[in-house]
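Here's the structure, in structure tokens; my notes come after.
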Amino acid sequence: MGKILLTGGAGFIGSSVTDALLARGDEVTVVDNFNDFYDPAIKRRNAAGIAAAGARVVEGDIRDGELIAKLFDEGDFDGVIHLAAMAGVRPSLLDPMHYEDVNMRGTLNLLGQLQQRPGIRFVFASSSSVYGGNEKVPFSEADEIHHPVSPYAATKRAGELMCYTFHHLYGIPTTCLRFFTVYGPRQRPEMAIHKFTKAVLEGSPIPFFGDGTTRRDYTYIDDIVDGVVKSLDHCAGYEVYNLGESDTTSLSELVEMIGEVCGREPILDRQPMQPGDVVITYADISKAKQKIGYAPKTLIREGLERFHAWYQDQGVQA
């Protein structure tokens with residue numbers, strides 16, 4: 001049983017990881033600022049659930065150095081899972097300064113505390129967006145990634161570099177995880193599968209960017225949670241892992257499947273490709289399989305069916 005600090009623990013991925021840690025007996029302290037990037041009531045529902053299951057939930061901002069120092073002083077943590085961030089490619093184009101402030105200053109606050117306690121394992125949530133417009137597929141952790149195409153991607157790559165720097169200087173055991181298009185129950189409402197499912201069920205048009213040939217490596221939340229927990233347990237040295245399904249689905253295929261799962265015909269609102277979007281994301285997961293035993297199991301159709309069932313259960317709250 002370990003003592004874990006988890007930032008962003010009231011969010012989609014964070015609350016799901018917290019559930020898994022609590023279920024195996026870890027003590028979990030969650031810090032989340034419940035910002036209004038999407039409806040804070042959704043995160044407060046998640047937080048109520050994990051608190052009822054035994055997590056300590058602290059409302060606060062990772063940029064608050066005094067708060068972070070206090071949590072470390074009190075917590076006697078064995079590991080830190082850093083998921084808190086401003087997320088999303090398109091919104092980052094509108095407010096790059098805020099993305100840099102939260103994603104970099106917040107990460108540096110944590111690294112500053114770990115510098116003083118270099119035995120604590122550190123897992124940093126990065127993103128497949130760091131691969132930019134990479135045309136070589138599938139994407140490998142060994143690829144050169146010097147050309148991010150959004151401020152969000154740039155902050156995540158910068159976070160990886162800063163993690164390496166602090167590992168090099170202070171010996172902090174560090175693992176960076178590049179998540180590939182995570183979906184499933186509790187998914188943020190502005191993300192494609194949530195937004196598309198809602199639109200299809202309501203008979204509203206789906207915003208359909210480009211010609212439908214863009215492809216994503218959609219990764220079900222349970223598989224991501226398994227990868228995060230295994231990364232924490234195997235955290236040593238400095239490592240970077242892709243966490244994806246090692247499969248791709250086109251936008252047209254995704255919308256067609258969502259329509260089939262919902263039993264309705266999707267209505268498309270065709271729009272041009274958006275700045276910052278990439279043509280494909282596709283994970284080479286051989287390194288994570290070999291080194292931490294990562295083994296995703298959920299095919300996209302099954303994952304969409306589970307998400308649809310969850311969405312229907314949520315009713316108007318979703």
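We label chains A, B, ... in the order they appear in the structure tokens, count residues from 1 in each chain, and number ligands from 1 in the order shown.
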
### Query
Got a sec: who's within 9 Å of Gly171 in chain A, counting only C-alpha atoms, leaving out chain neighbours fewer than 2 positions off, as a PyMOL selection string?
chain A and resi 115+118-119+166-169+173-174+237-238

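Near Val240 in chain A, within a cut-off of 8 Å and counting only C-alpha atoms, sit the residues Glu141, Thr175, Cys176, Leu177 and Arg178 of chain A, with same-chain residues fewer than 3 positions away left out.
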
### Task
Compile the contact shell of Thr248 in chain A as a list of chain:residue names: residues with an atom at most 12 Å away, counting only C-alpha atoms, same-chain residues fewer than 5 positions apart removed.
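My reading of the contact set: A:Val137, A:Pro138, A:Phe139, A:Phe180, A:Thr181, A:Thr213, A:Thr214, A:Arg215, A:Arg216, A:Asp217, A:Tyr218, A:Thr219, A:Glu253, A:Leu254, A:Val279, A:Ile280, A:Thr281, A:Tyr282, A:Ala283, A:Asp284, A:Leu299, A:Ile300.
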
### Message
Just want the 10 Å neighbourhood of Met273 in chain A, counted on only C-alpha atoms, with same-chain residues fewer than 6 positions away dropped. Output as a ChimeraX atom specification.
### Response
/A:208-212,214,279

### Task
Write out as an NGL selection string each polymer residue whose atoms come within 12 Å of Ser286 in chain A, counting only C-alpha atoms; drop sequence neighbours fewer than 2 positions from it.
:A and (138-142 or 241-246 or 283-284 or 288-296)

### Message
Quick one: residues within 7 Å of range 84-91 of chain A, only C-alpha atoms, excluding same-chain residues fewer than 6 positions away - as a VMD selection string?
### Response
chain A and resid 7 to 8 99 102 to 103 150 152 276

Please produce an output containing C-alpha atoms for each residue in the selection, written as a PDB file, in the first residue's frame.
ATOM      1  CA  THR A   7      -3.148  16.137  -9.351  1.00  0.00           C
ATOM      2  CA  GLY A   8      -6.266  16.719 -11.422  1.00  0.00           C
ATOM      3  CA  TYR A  99      -1.651  27.019 -21.040  1.00  0.00           C
ATOM      4  CA  VAL A 102      -0.701  26.172 -15.748  1.00  0.00           C
ATOM      5  CA  ASN A 103       1.117  23.398 -17.560  1.00  0.00           C
ATOM      6  CA  SER A 150      -0.217  23.718 -31.010  1.00  0.00           C
ATOM      7  CA  TYR A 152      -0.887  22.615 -25.844  1.00  0.00           C
ATOM      8  CA  GLY A 276      -3.475  22.590 -34.756  1.00  0.00           C
TER       9      GLY A 276
END

### Query
Just asking: which residues within range 26-258 of chain A are helix (DSSP H, G or I) according to DSSP, as a PyMOL selection string?
chain A and resi 40-52+65-75+89-94+96-116+128-131+151-170+192-202+221-233+251-258

Please list as a PDB file with C-alpha atoms, in the first residue's frame every residue within 12 Å of range 77-79 of chain A, counting only C-alpha atoms and excluding residues in the same chain fewer than 5 positions away.
ATOM      1  CA  MET A   1       0.000   0.000   0.000  1.00  0.00           C
ATOM      2  CA  GLY A   2       1.413   3.387  -0.989  1.00  0.00           C
ATOM      3  CA  LYS A   3       0.690   7.047  -0.350  1.00  0.00           C
ATOM      4  CA  ILE A   4      -0.024   8.808  -3.628  1.00  0.00           C
ATOM      5  CA  LEU A   5      -0.561  12.460  -4.555  1.00  0.00           C
ATOM      6  CA  LEU A   6      -2.688  12.766  -7.672  1.00  0.00           C
ATOM      7  CA  THR A   7      -3.148  16.137  -9.351  1.00  0.00           C
ATOM      8  CA  LEU A  21      -5.580   3.082  -6.593  1.00  0.00           C
ATOM      9  CA  ASP A  26      -3.401   2.910  -1.706  1.00  0.00           C
ATOM     10  CA  GLU A  27      -3.905   6.120   0.264  1.00  0.00           C
ATOM     11  CA  VAL A  28      -4.698   8.878  -2.235  1.00  0.00           C
ATOM     12  CA  THR A  29      -4.586  12.642  -1.826  1.00  0.00           C
ATOM     13  CA  VAL A  30      -6.214  14.447  -4.740  1.00  0.00           C
ATOM     14  CA  LEU A  71       0.763  18.837   0.802  1.00  0.00           C
ATOM     15  CA  PHE A  72       4.257  17.353   0.476  1.00  0.00           C
ATOM     16  CA  LEU A 110       5.818  19.713  -8.185  1.00  0.00           C
ATOM     17  CA  GLN A 113       9.186  19.608  -4.107  1.00  0.00           C
ATOM     18  CA  LEU A 114      10.446  16.345  -5.597  1.00  0.00           C
ATOM     19  CA  ARG A 117      12.626  14.332  -1.846  1.00  0.00           C
ATOM     20  CA  PRO A 118      14.254  12.511  -4.784  1.00  0.00           C
ATOM     21  CA  GLY A 119      13.076   9.062  -3.756  1.00  0.00           C
ATOM     22  CA  ILE A 120       9.439   9.782  -4.663  1.00  0.00           C
ATOM     23  CA  ARG A 121       8.304   8.276  -7.972  1.00  0.00           C
ATOM     24  CA  PHE A 122       6.874  10.781 -10.470  1.00  0.00           C
ATOM     25  CA  VAL A 123       4.451   9.988 -13.318  1.00  0.00           C
ATOM     26  CA  PHE A 124       3.812  12.882 -15.714  1.00  0.00           C
ATOM     27  CA  ILE A 172      13.925  11.700  -9.378  1.00  0.00           C
ATOM     28  CA  PRO A 173      12.441   8.411 -10.736  1.00  0.00           C
ATOM     29  CA  THR A 174      10.279   9.724 -13.585  1.00  0.00           C
ATOM     30  CA  THR A 175       7.955   8.293 -16.218  1.00  0.00           C
ATOM     31  CA  VAL A 228      -0.901   4.608 -15.441  1.00  0.00           C
ATOM     32  CA  VAL A 229      -0.936   2.282 -12.429  1.00  0.00           C
ATOM     33  CA  SER A 231       3.820   2.982 -14.840  1.00  0.00           C
ATOM     34  CA  LEU A 232       3.738   4.070 -11.207  1.00  0.00           C
ATOM     35  CA  ASP A 233       4.638   0.586  -9.998  1.00  0.00           C
ATOM     36  CA  HIS A 234       7.547   0.261 -12.452  1.00  0.00           C
ATOM     37  CA  CYS A 235       8.759   3.863 -12.177  1.00  0.00           C
ATOM     38  CA  ALA A 236      12.575   3.946 -12.153  1.00  0.00           C
TER      39      ALA A 236
END

### Query
Looking only at the backbone, which of the residues in range 59-115 of chain A does DSSP tag as strand (DSSP E), as a PyMOL selection string?
chain A and resi 59+79-82

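Picture a line from CA of Ala47 in chain A to CA of Asp61 in chain A; it runs 15.2 Å.
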